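Trainee: Contents of start.tsv (TSV, C-alpha atoms) are given next:
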chain	number	residue	atom	x	y	z
J	21	MET	CA	-47.44	41.61	-41.39
J	22	LYS	CA	-45.64	40.47	-38.23
J	23	SER	CA	-42.31	41.86	-39.39
J	24	SER	CA	-43.97	45.15	-40.28
J	25	ILE	CA	-45.40	45.52	-36.74
J	26	LEU	CA	-42.03	44.62	-35.29
J	27	ARG	CA	-40.32	47.19	-37.49
J	28	GLN	CA	-42.79	49.87	-36.41
J	29	ALA	CA	-42.30	48.96	-32.76
J	30	VAL	CA	-38.52	49.24	-33.15
J	31	ILE	CA	-38.86	52.62	-34.88
J	32	LEU	CA	-41.16	53.91	-32.11
J	33	ALA	CA	-38.75	52.65	-29.45
J	34	LEU	CA	-35.92	54.49	-31.20
J	35	PHE	CA	-38.03	57.66	-31.20
J	36	ALA	CA	-38.54	57.24	-27.47
J	37	LEU	CA	-34.82	56.77	-26.93
J	38	LEU	CA	-33.93	60.08	-28.60
J	39	PRO	CA	-35.15	62.41	-25.79
J	40	ALA	CA	-33.75	60.02	-23.18
J	41	ALA	CA	-30.32	60.15	-24.81
J	42	GLY	CA	-30.57	63.94	-25.10
J	43	GLU	CA	-31.42	64.25	-21.41
J	44	ALA	CA	-28.58	61.92	-20.43
J	45	ILE	CA	-26.11	64.08	-22.38
J	46	TYR	CA	-27.57	67.36	-21.10
J	47	PHE	CA	-27.58	66.31	-17.44
J	48	ARG	CA	-24.28	64.41	-17.48
J	49	ASP	CA	-22.43	67.01	-15.41
J	50	LYS	CA	-25.38	68.29	-13.41
J	51	ILE	CA	-24.54	67.51	-9.83
J	52	SER	CA	-27.09	66.94	-7.13
J	53	TRP	CA	-27.58	69.77	-4.61
J	54	ARG	CA	-27.28	67.22	-1.82
J	55	SER	CA	-23.81	66.56	-0.45
J	56	ALA	CA	-22.75	62.94	-0.61
J	57	ILE	CA	-22.81	61.34	2.82
J	58	ALA	CA	-21.92	57.70	3.39
J	59	PRO	CA	-24.64	55.59	5.09
J	60	SER	CA	-22.17	55.00	7.96
J	61	GLU	CA	-22.28	58.74	8.64
J	62	MET	CA	-26.06	58.75	9.17
J	63	VAL	CA	-27.91	57.89	12.39
J	64	THR	CA	-31.58	57.48	13.16
J	65	VAL	CA	-33.30	59.17	16.10
J	66	GLU	CA	-33.25	55.84	17.99
J	67	GLN	CA	-29.53	55.35	17.35
J	68	ALA	CA	-28.80	58.91	18.46
J	69	ARG	CA	-30.84	58.38	21.62
J	70	GLY	CA	-28.83	55.23	22.32
J	71	LEU	CA	-25.66	57.30	22.48
J	72	GLY	CA	-26.88	58.76	25.79
J	73	ASP	CA	-24.71	61.39	27.44
J	74	THR	CA	-21.94	61.06	24.89
J	75	VAL	CA	-23.94	62.87	22.24
J	76	ILE	CA	-23.68	66.55	21.35
J	77	TRP	CA	-26.70	67.72	19.32
J	78	VAL	CA	-25.87	70.30	16.69
J	79	ASP	CA	-28.58	72.38	15.03
J	80	ALA	CA	-27.56	73.36	11.49
J	81	ARG	CA	-30.72	75.37	10.75
J	82	PRO	CA	-30.82	79.15	10.38
J	83	ASP	CA	-30.81	81.26	13.57
J	84	GLU	CA	-34.58	81.99	13.46
J	85	GLU	CA	-35.53	78.32	13.29
J	86	PHE	CA	-33.17	77.48	16.16
J	87	ALA	CA	-34.58	80.35	18.22
J	88	SER	CA	-38.11	79.10	17.58
J	89	ASP	CA	-37.43	75.59	18.88
J	90	HIS	CA	-34.64	73.02	19.01
J	91	VAL	CA	-33.55	69.74	20.56
J	92	PRO	CA	-32.91	70.42	24.28
J	93	GLY	CA	-29.24	71.22	24.83
J	94	ALA	CA	-28.49	71.52	21.10
J	95	ILE	CA	-25.74	73.88	19.95
J	96	LEU	CA	-26.31	76.19	17.00
J	97	LEU	CA	-23.80	75.74	14.18
J	98	ASN	CA	-24.88	76.89	10.74
J	99	GLU	CA	-22.99	78.04	7.68
J	100	ASP	CA	-24.52	81.51	7.79
J	101	ARG	CA	-22.28	82.31	10.77
J	102	TRP	CA	-19.82	79.42	10.65
J	103	ASN	CA	-16.71	81.41	11.65
J	104	GLU	CA	-18.42	82.81	14.71
J	105	LEU	CA	-20.27	79.66	15.81
J	106	LEU	CA	-17.57	77.03	15.25
J	107	PRO	CA	-15.40	78.12	18.24
J	108	GLN	CA	-18.52	77.98	20.45
J	109	PHE	CA	-19.15	74.41	19.36
J	110	LEU	CA	-15.49	73.42	19.80
J	111	ALA	CA	-15.57	74.83	23.33
J	112	VAL	CA	-18.06	72.14	24.39
J	113	TRP	CA	-16.68	69.30	22.29
J	114	SER	CA	-14.36	66.82	23.95
J	115	PRO	CA	-12.73	63.56	22.86
J	116	GLY	CA	-15.11	60.61	22.98
J	117	LYS	CA	-18.18	62.72	22.23
J	118	LYS	CA	-20.41	61.81	19.28
J	119	VAL	CA	-21.83	64.70	17.31
J	120	VAL	CA	-25.29	64.41	15.74
J	121	VAL	CA	-26.18	67.20	13.31
J	122	TYR	CA	-29.73	67.92	12.19
J	123	CYS	CA	-31.54	70.37	9.98
J	124	SER	CA	-35.09	70.59	8.66
J	125	SER	CA	-36.86	69.99	5.39
J	126	LEU	CA	-36.48	73.73	4.73
J	127	SER	CA	-32.72	73.55	5.08
J	128	CYS	CA	-32.29	69.90	4.29
J	129	ASN	CA	-28.74	69.98	2.95
J	130	ALA	CA	-27.39	72.05	5.82
J	131	SER	CA	-26.65	69.14	8.18
J	132	ARG	CA	-24.72	67.30	5.47
J	133	GLU	CA	-22.62	70.37	4.79
J	134	VAL	CA	-21.94	70.92	8.50
J	135	VAL	CA	-20.91	67.27	8.90
J	136	ARG	CA	-18.67	67.50	5.84
J	137	ARG	CA	-16.95	70.62	7.16
J	138	LEU	CA	-16.52	69.29	10.71
J	139	ARG	CA	-14.91	66.16	9.31
J	140	LYS	CA	-12.72	67.94	6.77
J	141	GLU	CA	-11.85	71.25	8.39
J	142	ALA	CA	-11.88	70.43	12.11
J	143	GLN	CA	-10.94	66.78	11.43
J	144	LEU	CA	-13.46	65.38	13.89
J	145	SER	CA	-14.42	61.79	13.17
J	146	ASP	CA	-17.51	60.89	15.20
J	147	VAL	CA	-19.86	63.27	13.43
J	148	PHE	CA	-23.18	62.12	11.99
J	149	VAL	CA	-26.22	63.38	10.10
J	150	LEU	CA	-29.60	62.75	11.73
J	151	GLU	CA	-31.83	60.90	9.28
J	152	GLY	CA	-35.09	62.77	8.78
J	153	GLY	CA	-33.71	65.79	10.62
J	154	TRP	CA	-35.69	68.00	12.99
J	155	GLU	CA	-39.03	66.61	11.78
J	156	ALA	CA	-37.98	63.04	12.62
J	157	TRP	CA	-36.84	64.12	16.08
J	158	LEU	CA	-40.14	65.95	16.68
J	159	LYS	CA	-42.15	62.93	15.59
J	160	LYS	CA	-40.37	60.65	18.07
J	161	ASN	CA	-40.23	63.07	20.97
J	162	ARG	CA	-43.46	65.11	20.99
V	16	MET	CA	-47.37	51.13	-43.93
V	17	LYS	CA	-45.23	54.21	-43.34
V	18	THR	CA	-48.30	56.43	-43.02
V	19	PRO	CA	-49.29	55.41	-39.44
V	20	ILE	CA	-45.77	55.98	-38.15
V	21	LEU	CA	-45.59	59.38	-39.80
V	22	ALA	CA	-49.03	60.38	-38.49
V	23	PHE	CA	-48.16	59.23	-35.00
V	24	THR	CA	-44.84	61.09	-35.01
V	25	LEU	CA	-46.40	64.29	-36.33
V	26	SER	CA	-49.17	64.18	-33.75
V	27	MET	CA	-46.58	63.67	-30.97
V	28	ILE	CA	-44.53	66.64	-32.20
V	29	MET	CA	-47.66	68.81	-32.40
V	30	CYS	CA	-48.69	67.81	-28.88
V	31	LEU	CA	-45.23	68.65	-27.54
V	32	GLY	CA	-45.27	72.00	-29.32
V	33	ALA	CA	-48.63	72.95	-27.87
V	34	ARG	CA	-47.53	72.00	-24.34
V	35	ALA	CA	-44.38	74.08	-24.18
V	36	GLN	CA	-45.82	77.36	-22.94
V	37	LEU	CA	-43.46	78.80	-20.34
V	38	LYS	CA	-40.12	78.88	-22.08
V	39	TRP	CA	-37.07	79.44	-19.88
V	40	GLU	CA	-34.02	81.20	-21.28
V	41	GLN	CA	-31.92	78.99	-19.02
V	42	THR	CA	-32.67	76.76	-16.06
V	43	THR	CA	-29.10	76.66	-14.73
V	44	ILE	CA	-27.04	79.72	-13.89
V	45	GLU	CA	-23.42	79.60	-12.79
V	46	LEU	CA	-22.12	82.51	-10.74
V	47	ARG	CA	-18.67	83.47	-9.52
V	48	PRO	CA	-19.12	85.87	-6.61
V	49	ALA	CA	-16.23	88.16	-5.62
V	50	PRO	CA	-14.36	87.28	-2.38
V	51	ASN	CA	-16.27	89.72	-0.16
V	52	ASP	CA	-19.71	89.40	-1.77
V	53	LYS	CA	-22.53	88.73	0.66
V	54	GLN	CA	-24.99	87.47	-1.96
V	55	ALA	CA	-25.07	85.74	-5.32
V	56	ILE	CA	-28.09	86.61	-7.45
V	57	GLY	CA	-29.39	84.69	-10.46
V	58	HIS	CA	-32.02	85.99	-12.90
V	59	PHE	CA	-34.01	83.20	-14.55
V	60	LYS	CA	-35.80	84.72	-17.53
V	61	TYR	CA	-38.91	83.21	-19.07
V	62	GLU	CA	-41.47	83.85	-21.79
V	63	ASN	CA	-45.00	82.58	-22.18
V	64	THR	CA	-44.92	81.21	-25.72
V	65	GLY	CA	-48.36	79.63	-25.43
V	66	LYS	CA	-51.81	80.99	-26.10
V	67	THR	CA	-53.19	81.03	-22.56
V	68	PRO	CA	-52.12	82.83	-19.39
V	69	ILE	CA	-49.94	80.93	-16.93
V	70	HIS	CA	-50.16	81.34	-13.17
V	71	PHE	CA	-47.39	80.61	-10.68
V	72	LYS	CA	-48.72	78.30	-8.00
V	73	SER	CA	-45.58	78.21	-5.88
V	74	VAL	CA	-41.92	79.15	-5.99
V	75	HIS	CA	-39.73	77.69	-3.30
V	76	ALA	CA	-36.00	77.39	-2.68
V	77	SER	CA	-34.16	74.24	-1.58
V	78	CYS	CA	-32.63	75.89	1.47
V	79	GLY	CA	-33.24	78.68	3.94
V	80	CYS	CA	-30.19	80.52	2.62
V	81	THR	CA	-31.85	81.12	-0.76
V	82	THR	CA	-34.91	83.21	-1.53
V	83	ALA	CA	-36.81	83.39	-4.82
V	84	GLN	CA	-39.09	86.12	-6.06
V	85	THR	CA	-41.49	86.31	-8.98
V	86	GLN	CA	-42.29	89.67	-10.55
V	87	LYS	CA	-45.89	88.69	-11.13
V	88	GLU	CA	-48.32	85.92	-10.41
V	89	GLU	CA	-49.88	85.77	-13.86
V	90	VAL	CA	-47.97	85.64	-17.14
V	91	PRO	CA	-50.16	86.57	-20.14
V	92	PRO	CA	-49.40	85.00	-23.56
V	93	GLY	CA	-46.31	86.54	-25.14
V	94	ASP	CA	-45.26	88.17	-21.89
V	95	LYS	CA	-41.72	87.94	-20.49
V	96	GLY	CA	-40.43	88.07	-16.95
V	97	GLU	CA	-37.93	86.61	-14.55
V	98	ILE	CA	-37.57	84.83	-11.27
V	99	THR	CA	-34.83	86.25	-9.10
V	100	ALA	CA	-32.99	83.77	-6.89
V	101	THR	CA	-30.88	85.30	-4.14
V	102	PHE	CA	-28.36	83.10	-2.38
V	103	ASN	CA	-27.06	84.49	0.92
V	104	ILE	CA	-23.47	83.31	1.03
V	105	GLY	CA	-22.83	83.66	4.77
V	106	ASP	CA	-19.65	81.77	5.68
V	107	ARG	CA	-20.08	79.14	2.98
V	108	THR	CA	-17.12	78.18	0.83
V	109	GLY	CA	-16.42	76.21	-2.34
V	110	SER	CA	-19.01	74.85	-4.78
V	111	GLN	CA	-22.59	75.57	-3.84
V	112	VAL	CA	-25.66	74.31	-5.68
V	113	LYS	CA	-29.06	75.71	-4.74
V	114	THR	CA	-32.33	74.99	-6.46
V	115	VAL	CA	-35.63	76.78	-6.82
V	116	THR	CA	-38.72	74.77	-7.70
V	117	VAL	CA	-41.33	76.64	-9.71
V	118	GLU	CA	-44.84	75.26	-9.95
V	119	THR	CA	-47.33	76.61	-12.50
V	120	ASP	CA	-50.86	75.76	-13.60
V	121	GLU	CA	-49.76	74.60	-17.05
V	122	ALA	CA	-51.49	71.45	-18.21
V	123	THR	CA	-48.14	69.74	-18.54
V	124	ASN	CA	-44.64	70.46	-17.26
V	125	GLN	CA	-46.05	72.05	-14.12
V	126	LYS	CA	-42.78	71.86	-12.20
V	127	THR	CA	-39.48	73.39	-13.26
V	128	VAL	CA	-36.33	73.18	-11.20
V	129	LEU	CA	-34.03	76.18	-11.55
V	130	THR	CA	-30.45	75.63	-10.47
V	131	LEU	CA	-28.11	78.27	-9.13
V	132	LYS	CA	-24.46	77.24	-8.96
V	133	ALA	CA	-21.94	79.42	-7.20
V	134	GLU	CA	-18.23	78.95	-6.71
V	135	ILE	CA	-17.33	80.83	-3.56
V	136	PRO	CA	-13.68	81.83	-3.64
V	137	GLN	CA	-11.66	80.89	-0.59
V	138	GLN	CA	-8.59	82.97	0.12
V	139	LEU	CA	-7.12	80.57	2.68
V	140	GLU	CA	-7.82	76.89	3.21
V	141	ILE	CA	-6.93	76.02	6.81
V	142	THR	CA	-6.60	72.35	7.73
V	143	PRO	CA	-7.21	71.49	10.46
V	144	ASN	CA	-8.81	74.58	11.95
V	145	PHE	CA	-8.86	72.85	15.34
V	146	VAL	CA	-5.98	71.36	17.30
V	147	PHE	CA	-6.31	69.94	20.78
V	148	TRP	CA	-4.43	68.17	23.53
V	149	LYS	CA	-5.95	66.14	26.32
V	150	GLN	CA	-5.17	67.32	29.82
V	151	GLY	CA	-1.92	65.72	30.92
V	152	ASP	CA	-0.75	64.98	27.34
V	153	LYS	CA	2.81	65.77	26.35
V	154	PRO	CA	2.73	69.39	25.08
V	155	ASP	CA	3.96	68.48	21.59
V	156	THR	CA	3.80	70.84	18.65
V	157	LYS	CA	0.83	70.39	16.32
V	158	THR	CA	0.73	71.77	12.81
V	159	ILE	CA	-2.00	73.66	10.99
V	160	ASN	CA	-1.60	73.79	7.20
V	161	VAL	CA	-2.61	76.90	5.31
V	162	LYS	CA	-3.07	76.86	1.56
V	163	VAL	CA	-3.71	79.99	-0.48
V	164	GLY	CA	-6.68	79.78	-2.88
V	165	LYS	CA	-5.88	79.56	-6.59
V	166	ASP	CA	-7.25	83.02	-7.41
V	167	PHE	CA	-5.28	84.76	-4.67
V	168	THR	CA	-1.73	85.83	-3.91
V	169	VAL	CA	-0.65	85.85	-0.27
V	170	LYS	CA	3.05	86.22	0.47
V	171	HIS	CA	2.89	86.33	4.25
V	172	ILE	CA	0.40	85.57	7.00
V	173	LYS	CA	0.31	86.79	10.57
V	174	VAL	CA	-0.93	84.57	13.39
V	175	THR	CA	-1.81	85.70	16.89
V	176	SER	CA	-3.08	83.69	19.81
V	177	SER	CA	-5.81	85.15	22.02
V	178	THR	CA	-4.12	83.78	25.15
V	179	PRO	CA	-0.45	83.33	26.10
V	180	ASP	CA	-1.16	79.64	26.82
V	181	PHE	CA	-0.31	78.73	23.23
V	182	GLU	CA	2.59	79.72	21.05
V	183	ALA	CA	2.03	79.91	17.28
V	184	LYS	CA	4.88	80.11	14.76
V	185	VAL	CA	4.43	80.60	11.02
V	186	GLU	CA	6.70	78.96	8.49
V	187	GLU	CA	6.52	79.13	4.70
V	188	ALA	CA	6.01	75.69	3.20
V	189	GLY	CA	6.33	76.35	-0.52
V	190	LYS	CA	4.55	78.59	-2.96
V	191	GLY	CA	1.21	79.66	-1.51
V	192	GLU	CA	1.52	77.34	1.47
V	193	PHE	CA	2.26	77.95	5.12
V	194	LYS	CA	2.62	75.90	8.27
V	195	ILE	CA	1.53	77.14	11.67
V	196	ASP	CA	3.20	75.25	14.50
V	197	VAL	CA	1.10	75.46	17.65
V	198	LYS	CA	2.50	74.52	21.04
V	199	PRO	CA	0.83	74.79	24.44
V	200	GLN	CA	2.86	76.09	27.39
V	201	ASP	CA	1.65	73.04	29.29
V	202	THR	CA	-1.40	70.78	29.36
V	203	ASN	CA	-2.20	70.98	33.06
V	204	LYS	CA	-5.32	73.09	32.84
V	205	VAL	CA	-8.32	73.16	30.51
V	206	VAL	CA	-7.90	76.21	28.31
V	207	ALA	CA	-8.77	77.38	24.80
V	208	SER	CA	-7.32	79.96	22.49
V	209	MET	CA	-8.50	81.57	19.29
V	210	LEU	CA	-5.77	81.78	16.69
V	211	THR	CA	-6.31	84.74	14.39
V	212	ILE	CA	-4.82	84.24	10.95
V	213	GLN	CA	-4.53	87.31	8.76
V	214	PRO	CA	-3.08	87.45	5.26
V	215	GLU	CA	-0.74	90.35	4.64
V	216	ASP	CA	-2.44	93.32	2.95
V	217	SER	CA	-5.92	91.94	3.61
V	218	GLN	CA	-8.72	92.92	5.93
V	219	LYS	CA	-10.13	89.40	5.92
V	220	VAL	CA	-9.45	87.42	9.07
V	221	PHE	CA	-9.50	83.64	9.48
V	222	TYR	CA	-9.64	81.62	12.65
V	223	ALA	CA	-8.45	78.36	14.14
V	224	THR	CA	-8.94	77.01	17.64
V	225	ALA	CA	-6.37	75.48	19.98
V	226	ARG	CA	-7.60	73.80	23.11
V	227	ILE	CA	-6.63	71.64	26.09
V	228	THR	CA	-9.61	69.37	26.71
V	229	ASN	CA	-10.67	67.43	29.76
V	230	ALA	CA	-8.94	64.11	30.19
V	231	PRO	CA	-11.33	61.28	29.24
V	232	GLN	CA	-13.21	59.94	32.24
V	233	VAL	CA	-12.12	56.54	33.52
V	234	GLN	CA	-15.20	54.29	33.76
Using structure tokens, write down the structure from this file.
Mentor:
Amino acid sequence: MKSSILRQAVILALFALLPAAGEAIYFRDKISWRSAIAPSEMVTVEQARGLGDTVIWVDARPDEEFASDHVPGAILLNEDRWNELLPQFLAVWSPGKKVVVYCSSLSCNASREVVRRLRKEAQLSDVFVLEGGWEAWLKKNR
Amino acid sequence: MKTPILAFTLSMIMCLGARAQLKWEQTTIELRPAPNDKQAIGHFKYENTGKTPIHFKSVHASCGCTTAQTQKEEVPPGDKGEITATFNIGDRTGSQVKTVTVETDEATNQKTVLTLKAEIPQQLEITPNFVFWKQGDKPDTKTINVKVGKDFTVKHIKVTSSTPDFEAKVEEAGKGEFKIDVKPQDTNKVVASMLTIQPEDSQKVFYATARITNAPQVQ
């Protein structure tokens, strides 16, 4: 009797494994829509505040969201108009400055993409993603 | 003893069959937009294979650059339709993955994630697209590397500086590769220049920035 229950349990477990294996095979090359960012390239609102005057805030959200409200002094740099906006950002950047990029839950991968491109294309090193984005900044500042 | 297992398995299969109402033709679409395309559009087709109407509760995209539209709010049994996802490319390059989350009032499987993948062709890869000197630095030459994208042929490029403060010289660096040597006249004053990079026989223009920055402040 005991061995029969055990056998049934094993068979049921095998049945359960079938869809799991199928899903693992189906999703093996499905990449996440979020860009990979190392934890060392992320900063919290408190850490960003601690950077004081050395920080340049970059808003990676679409134009309309930036126009509606943004971190005081932030510079707009989004991928919709990257070629036009990048020179404007570079005009205010200077060596020693730390760049903190944020976006919102509506455009939540945008800051990661902007950081990736600033690091790769412009070869700037002190560029970070703001954890929690615009919403986190609002929560701590208003 | 085999009967309970068989009954259980059959009942599970029947339950799964009854649940699967909104059947998607595909939940991932891969697109290859042309070089000058402004948008990439994916059509996610579905069919209500169940016996009751299905209502869309919400359809939202993962980013502001993507919009998603349903043709109707209610899908009667046996009816077909599609959700159109439009990705505004802007100045994005390379591999892009955008998702659309669809929520329905089905008893099970209420959320479906539709994935739109787009490979945006890049005619020129410019690295770095920013070169700078600190005020007072030696005005050494700095090099910008230009690599032609795999789907393109560019034999020559033309580079012009927006100000005479920087000199830019182009040199071929192998098949589909170029070097742009940028040299400031001097580094005495803070100045910036836009370098316009244009492939021969192309209307598309690329940019790089050269700049003399402020000397770091001594604390």
Trainee: Could I get the residues of chain J with an atom no further than 9 Å from an atom of chain V, each paired with its nearest atom pair and that distance in Å to one decimal, using only C-alpha atoms, sorted by chain and residue number, as CSV?
Mentor:
residue,atom,partner,partner_atom,distance
J:Ser24,CA,V:Met16,CA,7.8
J:Gln28,CA,V:Ile20,CA,7.0
J:Ile31,CA,V:Ile20,CA,8.4
J:Leu32,CA,V:Ile20,CA,7.9
J:Phe35,CA,V:Thr24,CA,8.5
J:Ile51,CA,V:Val112,CA,8.0
J:Ser52,CA,V:Val112,CA,7.6
J:Trp53,CA,V:Val112,CA,5.0
J:Arg54,CA,V:Val112,CA,8.2
J:Arg81,CA,V:Gly79,CA,8.0
J:Pro82,CA,V:Gly79,CA,6.9
J:Asn98,CA,V:Asp106,CA,8.8
J:Glu99,CA,V:Asp106,CA,5.4
J:Asp100,CA,V:Gly105,CA,4.1
J:Arg101,CA,V:Asp106,CA,5.8
J:Trp102,CA,V:Asp106,CA,5.5
J:Asn103,CA,V:Asp106,CA,6.7
J:Leu106,CA,V:Thr224,CA,9.0
J:Pro107,CA,V:Thr224,CA,6.6
J:Leu110,CA,V:Thr224,CA,7.8
J:Ala111,CA,V:Ala207,CA,7.4
J:Trp113,CA,V:Thr228,CA,8.3
J:Ser114,CA,V:Thr228,CA,6.1
J:Pro115,CA,V:Pro231,CA,6.9
J:Gly116,CA,V:Pro231,CA,7.3
J:Ser125,CA,V:Cys78,CA,8.3
J:Leu126,CA,V:Cys78,CA,5.5
J:Ser127,CA,V:Cys78,CA,4.3
J:Cys128,CA,V:Cys78,CA,6.6
J:Asn129,CA,V:Cys78,CA,7.2
J:Ala130,CA,V:Cys78,CA,7.8
J:Lys140,CA,V:Pro143,CA,7.5
J:Glu141,CA,V:Pro143,CA,5.1
J:Ala142,CA,V:Phe145,CA,5.0
J:Gln143,CA,V:Pro143,CA,6.1
J:Leu144,CA,V:Phe145,CA,8.9
Trainee: What is the distance, in Å and to one decimal place, between CA of Thr85 (chain V) and CA of Phe102 (chain V)?
Mentor: 15.0 Å
Trainee: Figure out the distance between CA of Ser124 (chain J) and CA of Gln108 (chain J), please, to one decimal in Å.
Mentor: 21.6 Å
Trainee: Tell me which protein, DNA and RNA residues are within 10 Å of Ala156 (chain J), counting all atoms listed in the file, leaving out same-chain ones fewer than 6 positions away, and put them as a short mmCIF file (atom, residue, chain, number, x, y, z; two decimals) with C-alpha atoms, keeping the file's coordinate frame.
Mentor:
data_model
loop_
_atom_site.label_atom_id
_atom_site.label_comp_id
_atom_site.auth_asym_id
_atom_site.auth_seq_id
_atom_site.Cartn_x
_atom_site.Cartn_y
_atom_site.Cartn_z
CA THR J 64 -31.58 57.48 13.16
CA VAL J 65 -33.30 59.17 16.10
CA TYR J 122 -29.73 67.92 12.19
CA SER J 124 -35.09 70.59 8.66
CA LEU J 150 -29.60 62.75 11.73
#
Trainee: Rounded to one decimal, what separation in Å do you get between CA of Pro92 (chain V) and CA of Gly57 (chain V)?
Mentor: 23.9 Å
Trainee: Of the residues V:Gln138, V:Gln218, V:Ser176, V:Gln125, which is the one nearest to Val161 (chain V), using only C-alpha atoms?
Mentor: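 For Val161 (chain V), the nearest of the given residues is V:Gln138.
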Trainee: I want to know what sits within 8 Å of Met62 (chain J), based on all atoms listed in the file, with residues of the same chain fewer than 3 positions away left out; could you give that as a PyMOL selection string?
Mentor: chain J and resi 57-59+148-151
Trainee: What lies within 9 Å of region 66-79 of chain J using all atoms listed in the file, ignoring chain neighbours under 4 positions off, as a CSV table (one decimal) with C-alpha atoms, in the coordinates of the input?
Mentor:
chain,number,residue,atom,x,y,z
J,86,PHE,CA,-33.2,77.5,16.2
J,90,HIS,CA,-34.6,73.0,19.0
J,91,VAL,CA,-33.6,69.7,20.6
J,92,PRO,CA,-32.9,70.4,24.3
J,93,GLY,CA,-29.2,71.2,24.8
J,94,ALA,CA,-28.5,71.5,21.1
J,95,ILE,CA,-25.7,73.9,20.0
J,96,LEU,CA,-26.3,76.2,17.0
J,97,LEU,CA,-23.8,75.7,14.2
J,98,ASN,CA,-24.9,76.9,10.7
J,109,PHE,CA,-19.2,74.4,19.4
J,112,VAL,CA,-18.1,72.1,24.4
J,113,TRP,CA,-16.7,69.3,22.3
J,116,GLY,CA,-15.1,60.6,23.0
J,117,LYS,CA,-18.2,62.7,22.2
J,118,LYS,CA,-20.4,61.8,19.3
J,119,VAL,CA,-21.8,64.7,17.3
J,120,VAL,CA,-25.3,64.4,15.7
J,121,VAL,CA,-26.2,67.2,13.3
J,122,TYR,CA,-29.7,67.9,12.2
J,123,CYS,CA,-31.5,70.4,10.0
J,131,SER,CA,-26.6,69.1,8.2
J,150,LEU,CA,-29.6,62.8,11.7
J,154,TRP,CA,-35.7,68.0,13.0
J,160,LYS,CA,-40.4,60.6,18.1
Trainee: For a cutoff of 8 Å around the file-coordinate point (-14.1, 88.0, -3.1), which residues qualify once you count all atoms listed in the file? I'd like the result as number ranges by chain.
Mentor: V: 48-52, 135-137
Trainee: Compile the contact shell of Ile56 (chain V) as JSON, numbers by chain: residues with an atom at most 10 Å away, counting all atoms listed in the file, same-chain residues fewer than 2 positions apart removed.
Mentor: {"V": [44, 45, 46, 48, 54, 58, 59, 81, 82, 83, 99, 100, 101, 102, 103, 131, 133]}
Trainee: With distances taken over only C-alpha atoms, which residue among V:Lys95, V:Gln36, V:Thr42, V:Val174 lies nearest Ile69 (chain V)?
Mentor: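 Smallest distance to Ile69 (chain V) is found for V:Gln36.
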